Amino acid sequence: MESAENQTPEPELVAGFSSIRERTIAENSLVILLQGLQGQVTTVDLRDESTARGHVVNVDAFMNIRLKKVLHRDRRGRLTQLEDLFVTGRNVRYVHIPDHMDIMETIQGQLAKSHRVRNFAGGRKEYAKKKS
Amino acid sequence: METEASIITSLPLGFPTCLFELKMHIYLKRQQMLFCCTTNTVEEPLDLIRLSLDERIYVKMRNDRELRGRLHAYDQHLNMILGDVEETVTTVEIDEETYEELYKSTKRNIPMLFVRGDGVVLVAPPLRVG
């Protein structure tokens with residue numbers, strides 16, 4: 001299923017994000033926490049009442065999630081092993097957060113990462129908006 | 001146009017506050033720290049949810065689901081992070097012979113859950129009556 005918000009990827013301007021637009025969307029919502037989950041094993045409950053448990057490869061600003069080494073359980077309980085699974089953001093119902101994760105630290109870490117990249121990218125004026 | 005929104009927190013963050021000209025709509029409460037950048041008054045309906053941060057809440061969701069848990073964070077889409085959450089799924093089964101409706105509910109407990117906002121119907125303090 002295609003999300004209306006998806007766009008053709010622009011050149012990599014900042015780490016992990018395809019565009020400034022995506023980064024803005026992500027930094028202004030809780031998706032930034034999901035992006036901090038990259039590399040962890042979690043369970044994603046889908047809208048169709050199936051679940052997928054695996055390593056989070058990537059989460060974008062639209063909550064599209066890419067998982068690898070996945071155990072997919074459909075609504076009837078049938079298990080399927082999958083090497084790679086892409087879930088559209090719209091189809092996510094829940095994401096289980098691993099117990100050991102500190103939410104504040106993860107979000108702060110994610111924001112720090114994007115700020116570091118921003119400052120590293122030669123102090124581009126478009127990012128540094130002055131107070132009016 | 002709203003001036004830039006900086007992340008206001010009582011703890012030192014260790015990185016420069018963000019320079020966006022947009023409002024930071026992430027509200028987190030950890031112990032006594034408020035991690036947000038808006039006023040303290042209740043101005044819009046989302047501010048009412050802010051009052052419930054770190055409290056137990058009841059969330060009614062689509063597809064006959066209910067969640068009861070502690071609200072740790074939310075955003076403008078009503079994506080939420082709930083802790084110690086109990087999910088109740090209610091199903092109706094129709095008895096073939098008598099045609100009476102049997103309401104069944106299934107519960108499960110999840111320690112920490114991220115909920116996507118488009119499934120949320122309403123948010124309320126926990127109901128007193130069963």
# chains A, B, ... in the order shown; residues from 1 in each chain; ligands from 1
>>> interface_residues(of="chain A", to="chain B", cutoff="6 Å", atoms="only C-alpha atoms", output="ChimeraX atom specification")
/A:28-29,93-97,131
>>> write_last_selection(atoms="N, CA and C atoms", output="short mmCIF file (atom, residue, chain, number, x, y, z; two decimals), in the first residue's frame")
data_model
loop_
_atom_site.label_atom_id
_atom_site.label_comp_id
_atom_site.auth_asym_id
_atom_site.auth_seq_id
_atom_site.Cartn_x
_atom_site.Cartn_y
_atom_site.Cartn_z
N ASN A 28 9.49 16.53 14.99
CA ASN A 28 8.35 17.16 15.67
C ASN A 28 7.30 16.15 16.07
N SER A 29 7.67 14.89 16.13
CA SER A 29 6.70 13.89 16.58
C SER A 29 7.44 12.77 17.27
N ARG A 93 0.07 -0.57 14.24
CA ARG A 93 -0.85 -0.24 15.34
C ARG A 93 -0.01 0.06 16.59
N TYR A 94 0.79 -0.90 17.00
CA TYR A 94 1.65 -0.69 18.17
C TYR A 94 3.09 -1.04 17.83
N VAL A 95 4.00 -0.44 18.60
CA VAL A 95 5.38 -0.91 18.57
C VAL A 95 5.75 -1.17 20.02
N HIS A 96 6.19 -2.38 20.30
CA HIS A 96 6.58 -2.69 21.68
C HIS A 96 7.97 -2.12 21.90
N ILE A 97 8.11 -1.39 22.98
CA ILE A 97 9.41 -0.81 23.29
C ILE A 97 10.15 -1.76 24.22
N LYS A 131 15.88 34.24 15.52
CA LYS A 131 14.65 34.69 16.18
C LYS A 131 14.24 36.00 15.54
#
>>> residues_around(residues="Gly54 (chain A)", least_positions_apart="6", cutoff="6 Å", atoms="only C-alpha atoms", output="list in words")
Val41, Thr42, Leu67, Lys68, Lys69 and Val70 of chain A
>>> write_last_selection(atoms="C-alpha atoms", output="short mmCIF file (atom, residue, chain, number, x, y, z; two decimals), in the first residue's frame")
data_model
loop_
_atom_site.label_atom_id
_atom_site.label_comp_id
_atom_site.auth_asym_id
_atom_site.auth_seq_id
_atom_site.Cartn_x
_atom_site.Cartn_y
_atom_site.Cartn_z
CA VAL A 41 14.66 -6.37 18.42
CA THR A 42 11.04 -5.37 18.87
CA LEU A 67 12.62 -5.17 9.75
CA LYS A 68 14.99 -8.06 9.23
CA LYS A 69 15.08 -11.63 10.51
CA VAL A 70 11.41 -11.47 11.25
#
>>> atom_distance(atom1="CA of Arg56 (chain B)", atom2="CA of Gln108 (chain A)")
24.4 Å
>>> atom_distance(atom1="CA of Thr43 (chain A)", atom2="CA of Ala124 (chain B)")
26.4 Å
>>> residues_around(residues="Gly69 (chain B)", least_positions_apart="5", cutoff="9 Å", atoms="only C-alpha atoms", output="list in words")
Glu55, Arg56, Ile57, Tyr58, Val59, Leu82, Gly83, Asp84, Val85, Glu86, Glu87 and Pro126 of chain B
>>> write_last_selection(atoms="N, CA, C and O atoms", output="tab-separated table (two decimals), in the first residue's frame")
chain	number	residue	atom	x	y	z
B	55	GLU	N	0.30	10.20	34.36
B	55	GLU	CA	-0.84	9.65	35.10
B	55	GLU	C	-1.36	8.44	34.37
B	55	GLU	O	-1.09	8.26	33.17
B	56	ARG	N	-2.13	7.65	35.05
B	56	ARG	CA	-2.79	6.54	34.38
B	56	ARG	C	-3.96	7.08	33.57
B	56	ARG	O	-4.69	7.96	34.03
B	57	ILE	N	-4.11	6.60	32.38
B	57	ILE	CA	-5.21	7.07	31.53
B	57	ILE	C	-5.91	5.89	30.88
B	57	ILE	O	-5.41	4.77	30.88
B	58	TYR	N	-7.06	6.20	30.34
B	58	TYR	CA	-7.84	5.23	29.58
B	58	TYR	C	-7.87	5.71	28.14
B	58	TYR	O	-8.17	6.87	27.88
B	59	VAL	N	-7.52	4.85	27.22
B	59	VAL	CA	-7.54	5.22	25.81
B	59	VAL	C	-8.49	4.29	25.08
B	59	VAL	O	-8.36	3.07	25.15
B	82	LEU	N	2.91	4.53	26.27
B	82	LEU	CA	2.22	4.14	27.50
B	82	LEU	C	3.04	3.09	28.22
B	82	LEU	O	3.59	2.18	27.59
B	83	GLY	N	3.10	3.21	29.53
B	83	GLY	CA	3.81	2.21	30.31
B	83	GLY	C	2.83	1.38	31.13
B	83	GLY	O	1.75	1.85	31.47
B	84	ASP	N	3.21	0.14	31.43
B	84	ASP	CA	2.37	-0.76	32.23
B	84	ASP	C	0.97	-0.81	31.68
B	84	ASP	O	-0.01	-0.55	32.39
B	85	VAL	N	0.86	-1.12	30.43
B	85	VAL	CA	-0.43	-0.98	29.76
B	85	VAL	C	-1.16	-2.31	29.69
B	85	VAL	O	-0.56	-3.38	29.53
B	86	GLU	N	-2.46	-2.21	29.87
B	86	GLU	CA	-3.32	-3.38	29.73
B	86	GLU	C	-4.24	-3.13	28.55
B	86	GLU	O	-4.99	-2.15	28.54
B	87	GLU	N	-4.17	-3.99	27.56
B	87	GLU	CA	-5.02	-3.83	26.37
B	87	GLU	C	-6.20	-4.77	26.47
B	87	GLU	O	-6.05	-5.95	26.79
B	126	PRO	N	-8.77	7.24	33.94
B	126	PRO	CA	-9.28	5.87	34.03
B	126	PRO	C	-10.70	5.85	34.59
B	126	PRO	O	-11.02	6.62	35.48
>>> atom_distance(atom1="CA of Lys104 (chain B)", atom2="CA of Arg78 (chain A)")
22.3 Å
